[in-house]
Structures are given as C-alpha cells and as structure tokens.
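Here the structure is laid out as structure tokens; the discussion comes afterwards.
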Amino acid sequence: MNDSHFYPIGTPGQPWGPAELTQWRARQVRQRSYADEVLRCIDRLREIFDVSSYGEVVYGDERFPLMVIRSRNWQPLLPTVLVTGGVHGYETSGVQGALRFVDEHAQAYEGRVNLLVVPCVSPWGYERIQRWNFDAIDPNRSFREGSPAQESAALMRLVAPLRGQFMAHIDLHETTDTDASEYMPAVAARDGKPLEFHSIPDGFYLVDDTANPQPAFQQAIIQAVEQVTHIAPADTQGGIIGSPLVAHGVIQYAMQALGLCAGITGARYTTTTEVYPDSPRATPEQCIAAQVAAVCAALKFVC
C-alpha cells in the first residue's frame, strides 16, 4: 500500500508520540457494556462455580474488575486447564464462547480437571471493540516480565502460583477483516514502520507453539471444529497470515518469545484459536459454537 492508504493518525515513518496517542484515544468510542454482556453472565454462574476478581484495570476514571471462574471442588492432584477469551477485546466469540462453555459444559468435567476460565482479559477493549488497550498496546504481545499492559500483567499474576500444574491452555481469538483495514495500518503508523499486509484467511485455524508443537492435540481440535464451521485453506503463498501451514488448519508461533497469552502457563498442550466472523460462510452463532467445540475437544484430548 502507498501513503494514500496510510492510517489517519501520525506521519509515515515516524512513531507516535503523546499527541498521536491522544488523537487515537479520542477515536475510541464505547459501543457495548462489559457489565451487561460479561459481568452479568458471570454473576449467574456463582451458584455453581467459584467466581472472584483477580484484579482491576484502571484507565482514568474508568475501572473494570477482572473476573475468573474456577471449579468449585478444586483438587490439587488433578491437572489444571486454563481457558482465556477477550485478550483482544474486539474478538466477541472468544468472550462469549468462554462464557457459553462454562454455562453449558464445564460441570461435565467436575472431578476430572481443575478449570480456570477468564472470559474477558481486556474489558476496556471489549467495550470499544478494539484490539489494543487504552495505551495503544496489544495485550497479546505483552505477556512478559515487566509487561506494559495492565491486562497482561494481571493475568500473569493470577497464573503464576499455579505454574507447573497446568496441563492445557486454550486461548480463544478471532481474525477479522478489520485486522487488514484497521490494525495492520494502525501498527505501522504507531511504530513508524512500513505496512506489512497479509490477506485475511476465510475460516477457522489454530496457532501451535513453535517451541512445543503438539500436532495430535491441534488436529483433535480441528476435527471437532470442522463439524461446526469450515477450516481456513492456505493462501496463494501456501500459508496463513504470513506463516506456513504445518498441518491442516494449523500454523505455529513462538509463543513465549512473542509475549503471547498462550505461552504463560508452561502447559504441555497449548493453542490459540482463530475464527473468522466476517466470512459469508459463517454466522456469529457458528463462531461462538466453534470456540466451544474447540475447548471441549481440547479437554477430551487431555482428560
């Protein structure tokens, strides 16, 4: 793309400063309610599960409680499975998929695994339907020591005492058309770098860990999700979003090196799901169902 397609904030080739960050914040409009769409759903689960706050995100005069849902009869000798959604707040099916999984399926795993579910890691981003947080930071590149993202740091504090107990971590995401129209240009503008453009894959895919590949685990999830929605094919370069396919519907990232959420537990089995809600072949309901199917398939594999 040339400069005529550049992001409307900043100067090409120059990273943002405080003025540009202020301009970007002014463009972020609250479009939905975390309290109504997430906290209210979590409250209804209190009779069956242990629900608590693991911290708070504070931006100016806005405060968002961060909530975790746990198996009520936690047994230290059982393996622990972490499910996360909404690391990128705009990824609706990850949040709603995590909530639906707990509501409809989590009780079936009582006494088999300890479940730890964080449905919405980034509530400010959820309300703005935004990938970044208030500081124009991507939480899913910020899971590292000294994290600059409140959301990432809080989740790492929650997980830290349980490291070594996790069997699996399923992190629920979406890839949307706005990744190309909004976020790729925004990243280039923010960082003062050339725009790197990748076509958006039409369908569901998974991201495995380059440092700890688990191909059988990934394929078990792919096979389950195929019953709900279609799997993304390779692009004309033989990959997905710039990464080569290593198997049907699977690419790999270096999770810990990149500061990704799915790298925080040290679990043997980890995956990042990616659904495509803008596909003409999938509905929002199918996207939520695909996330639920992925979690259930992962648990079936490890239990």
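Identifiers for the structure tokens are assigned positionally: chains receive A, B, ... in sequence, residues are indexed from 1 per chain, and ligands are indexed from 1 in the order shown.
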Residue set, range 1-191 of chain A restricted to helix (DSSP H, G or I), as number ranges by chain = A: 3-5, 18-26, 34-43, 92-104, 106-109, 123-128, 139-141, 150-162, 178-191
Picked from range 39-94 of chain A by DSSP as strand (DSSP E or B), as a PyMOL selection string | chain A and resi 50-59+62-70+80-85
Extract, using only C-alpha atoms, all DNA, RNA and protein residues at most 6 Å from range 229-235 of chain A, discarding same-chain residues fewer than 3 positions from it, and format them as an NGL selection string.
-> :A and (201-205 or 226 or 238-240 or 249)
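CA of Thr265 in chain A sits 22.6 Å away from CA of His105 in chain A.
When only C-alpha atoms are used to compute distances to Asp135 in chain A, the closest of the residues A:Arg25, A:His198, A:Arg112, A:Arg32 turns out to be A:Arg25.
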Give the answer as one residue: which of A:Val275, A:Ala106, A:Met156, A:Val113 has the shortest atom-to-atom distance to Glu91 in chain A, using only C-alpha atoms?
->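 With only C-alpha atoms as the atom set, the closest residue is A:Val275.
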Could you work out how far CA of Ser122 in chain A lies from CA of Val102 in chain A, giving the answer in Å with one decimal?
->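 These two atoms are separated by 18.6 Å.
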Interface rows for range 105-182 of chain A against range 54-65 of chain A: nearest pair, Å to one decimal, 7 Å, only C-alpha atoms, as a Markdown table:
| residue | atom | partner | partner_atom | distance |
| --- | --- | --- | --- | --- |
| A:Pro123 | CA | A:Phe64 | CA | 6.6 |
| A:Phe134 | CA | A:Tyr59 | CA | 6.9 |
| A:Gln150 | CA | A:Val57 | CA | 6.2 |
| A:Glu151 | CA | A:Val57 | CA | 6.6 |
| A:Ala154 | CA | A:Gly55 | CA | 6.2 |
| A:Leu158 | CA | A:Tyr54 | CA | 6.4 |
Keeping only C-alpha atoms, write the selected residues to a file as a PDB file, in the first residue's frame.
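Once written, again_3.pdb looks like this:
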ATOM      1  CA  PRO A 123     -12.668  -5.256  29.238  1.00  0.00           C
ATOM      2  CA  PHE A 134      -6.154   2.298  26.341  1.00  0.00           C
ATOM      3  CA  GLN A 150      -2.301  -3.872  32.791  1.00  0.00           C
ATOM      4  CA  GLU A 151      -4.426  -6.675  31.369  1.00  0.00           C
ATOM      5  CA  ALA A 154      -2.854  -9.071  35.919  1.00  0.00           C
ATOM      6  CA  LEU A 158      -3.189 -14.907  38.515  1.00  0.00           C
TER       7      LEU A 158
END
Write out as a list in words which residues come within 9 Å of Asp208 in chain A when counting only C-alpha atoms, dropping same-chain ones fewer than 3 positions away.
->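 With the cut-off at 9 Å, the set is Ala211, Asn212, Pro213, Gln214, Pro215, Gln218, Val250, Ile251, Gln252, Tyr253, Ala254, Met255, Tyr269, Thr270, Thr271 and Thr272 of chain A.
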Residue selection dump (N, CA and C atoms) as a PDB file, in the first residue's frame:
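Wrote it out as out-v6.pdb, contents follow:
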ATOM      1  N   ALA A 211       7.977 -23.779  19.886  1.00  0.00           N
ATOM      2  CA  ALA A 211       8.903 -24.389  20.837  1.00  0.00           C
ATOM      3  C   ALA A 211       8.363 -25.665  21.473  1.00  0.00           C
ATOM      4  N   ASN A 212       7.066 -25.921  21.315  1.00  0.00           N
ATOM      5  CA  ASN A 212       6.440 -27.093  21.947  1.00  0.00           C
ATOM      6  C   ASN A 212       5.284 -27.575  21.083  1.00  0.00           C
ATOM      7  N   PRO A 213       5.565 -28.028  19.866  1.00  0.00           N
ATOM      8  CA  PRO A 213       4.469 -28.426  18.972  1.00  0.00           C
ATOM      9  C   PRO A 213       3.762 -29.676  19.480  1.00  0.00           C
ATOM     10  N   GLN A 214       2.437 -29.654  19.355  1.00  0.00           N
ATOM     11  CA  GLN A 214       1.604 -30.791  19.758  1.00  0.00           C
ATOM     12  C   GLN A 214       0.614 -31.072  18.632  1.00  0.00           C
ATOM     13  N   PRO A 215       1.086 -31.706  17.551  1.00  0.00           N
ATOM     14  CA  PRO A 215       0.242 -31.854  16.361  1.00  0.00           C
ATOM     15  C   PRO A 215      -1.011 -32.680  16.581  1.00  0.00           C
ATOM     16  N   GLN A 218      -3.620 -30.460  18.275  1.00  0.00           N
ATOM     17  CA  GLN A 218      -4.192 -29.474  17.352  1.00  0.00           C
ATOM     18  C   GLN A 218      -5.186 -30.132  16.391  1.00  0.00           C
ATOM     19  N   VAL A 250      -3.430 -25.401  10.711  1.00  0.00           N
ATOM     20  CA  VAL A 250      -2.531 -25.125  11.837  1.00  0.00           C
ATOM     21  C   VAL A 250      -1.277 -24.388  11.360  1.00  0.00           C
ATOM     22  N   ILE A 251      -0.946 -23.293  12.047  1.00  0.00           N
ATOM     23  CA  ILE A 251       0.338 -22.629  11.895  1.00  0.00           C
ATOM     24  C   ILE A 251       1.026 -22.618  13.251  1.00  0.00           C
ATOM     25  N   GLN A 252       2.234 -22.088  13.300  1.00  0.00           N
ATOM     26  CA  GLN A 252       2.973 -22.050  14.558  1.00  0.00           C
ATOM     27  C   GLN A 252       3.550 -20.657  14.796  1.00  0.00           C
ATOM     28  N   TYR A 253       3.542 -20.241  16.064  1.00  0.00           N
ATOM     29  CA  TYR A 253       4.220 -19.032  16.521  1.00  0.00           C
ATOM     30  C   TYR A 253       5.101 -19.399  17.712  1.00  0.00           C
ATOM     31  N   ALA A 254       6.135 -18.607  17.934  1.00  0.00           N
ATOM     32  CA  ALA A 254       6.962 -18.756  19.132  1.00  0.00           C
ATOM     33  C   ALA A 254       6.264 -18.023  20.278  1.00  0.00           C
ATOM     34  N   MET A 255       5.457 -18.744  21.028  1.00  0.00           N
ATOM     35  CA  MET A 255       4.510 -18.101  21.942  1.00  0.00           C
ATOM     36  C   MET A 255       5.182 -17.283  23.032  1.00  0.00           C
ATOM     37  N   TYR A 269       0.079 -28.752  26.625  1.00  0.00           N
ATOM     38  CA  TYR A 269      -0.812 -28.562  25.480  1.00  0.00           C
ATOM     39  C   TYR A 269      -1.337 -27.123  25.462  1.00  0.00           C
ATOM     40  N   THR A 270      -0.986 -26.407  24.419  1.00  0.00           N
ATOM     41  CA  THR A 270      -1.439 -25.021  24.289  1.00  0.00           C
ATOM     42  C   THR A 270      -1.896 -24.766  22.851  1.00  0.00           C
ATOM     43  N   THR A 271      -2.864 -23.878  22.718  1.00  0.00           N
ATOM     44  CA  THR A 271      -3.309 -23.491  21.376  1.00  0.00           C
ATOM     45  C   THR A 271      -3.998 -22.141  21.435  1.00  0.00           C
ATOM     46  N   THR A 272      -3.914 -21.432  20.326  1.00  0.00           N
ATOM     47  CA  THR A 272      -4.687 -20.209  20.124  1.00  0.00           C
ATOM     48  C   THR A 272      -5.667 -20.471  19.000  1.00  0.00           C
TER      49      THR A 272
END
Residue nearest Arg100 in chain A - candidates A:Val38, A:Gly266, A:Tyr183, A:Leu21, atoms counted: only C-alpha atoms =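 Among the listed residues, A:Val38 lies closest to Arg100 in chain A.
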Nearest-residue call for Gln130 in chain A, choices A:Thr178, A:Thr236, A:Ser199, A:Ser147, using only C-alpha atoms |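 Of all the options, A:Thr178 lies closest to Gln130 in chain A.
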All residues 6 Å or closer to Pro119 in chain A, only C-alpha atoms, same chain fewer than 5 positions away omitted, as a tab-separated table (two decimals) with C-alpha atoms, in the first residue's frame:
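Below is the file that was written, selection_11.tsv:
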chain	number	residue	atom	x	y	z
A	84	THR	CA	-8.97	-17.43	28.19
A	85	GLY	CA	-11.03	-15.14	25.98
A	95	VAL	CA	-15.54	-13.91	25.23
A	98	ALA	CA	-15.74	-18.96	27.06
Skip Cys296 in chain A itself and residues of its chain fewer than 6 positions away, then list as a VMD selection string all residues within 12 Å of it, counting only C-alpha atoms.
-> chain A and resid 81 83 97 to 98 100 to 102 104 to 109 115 168 170 217 220 to 225 289 to 290 302 to 303
Selection: 7 Å around range 10-14 of chain A, only C-alpha atoms, excl. self and same-chain fewer than 2 positions, as a PyMOL selection string | chain A and resi 8+16+20+189+192-193
Shortest interatomic distance to Glu145 in chain A - which of A:Gln165, A:Asn114, A:Ser52, A:Gln256, counting only C-alpha atoms = A:Gln256
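Between Tyr90 in chain A and the residues A:Gln75, A:Pro277, A:Pro18, A:Gly242, the shortest atom-to-atom distance, using only C-alpha atoms, involves A:Pro277.
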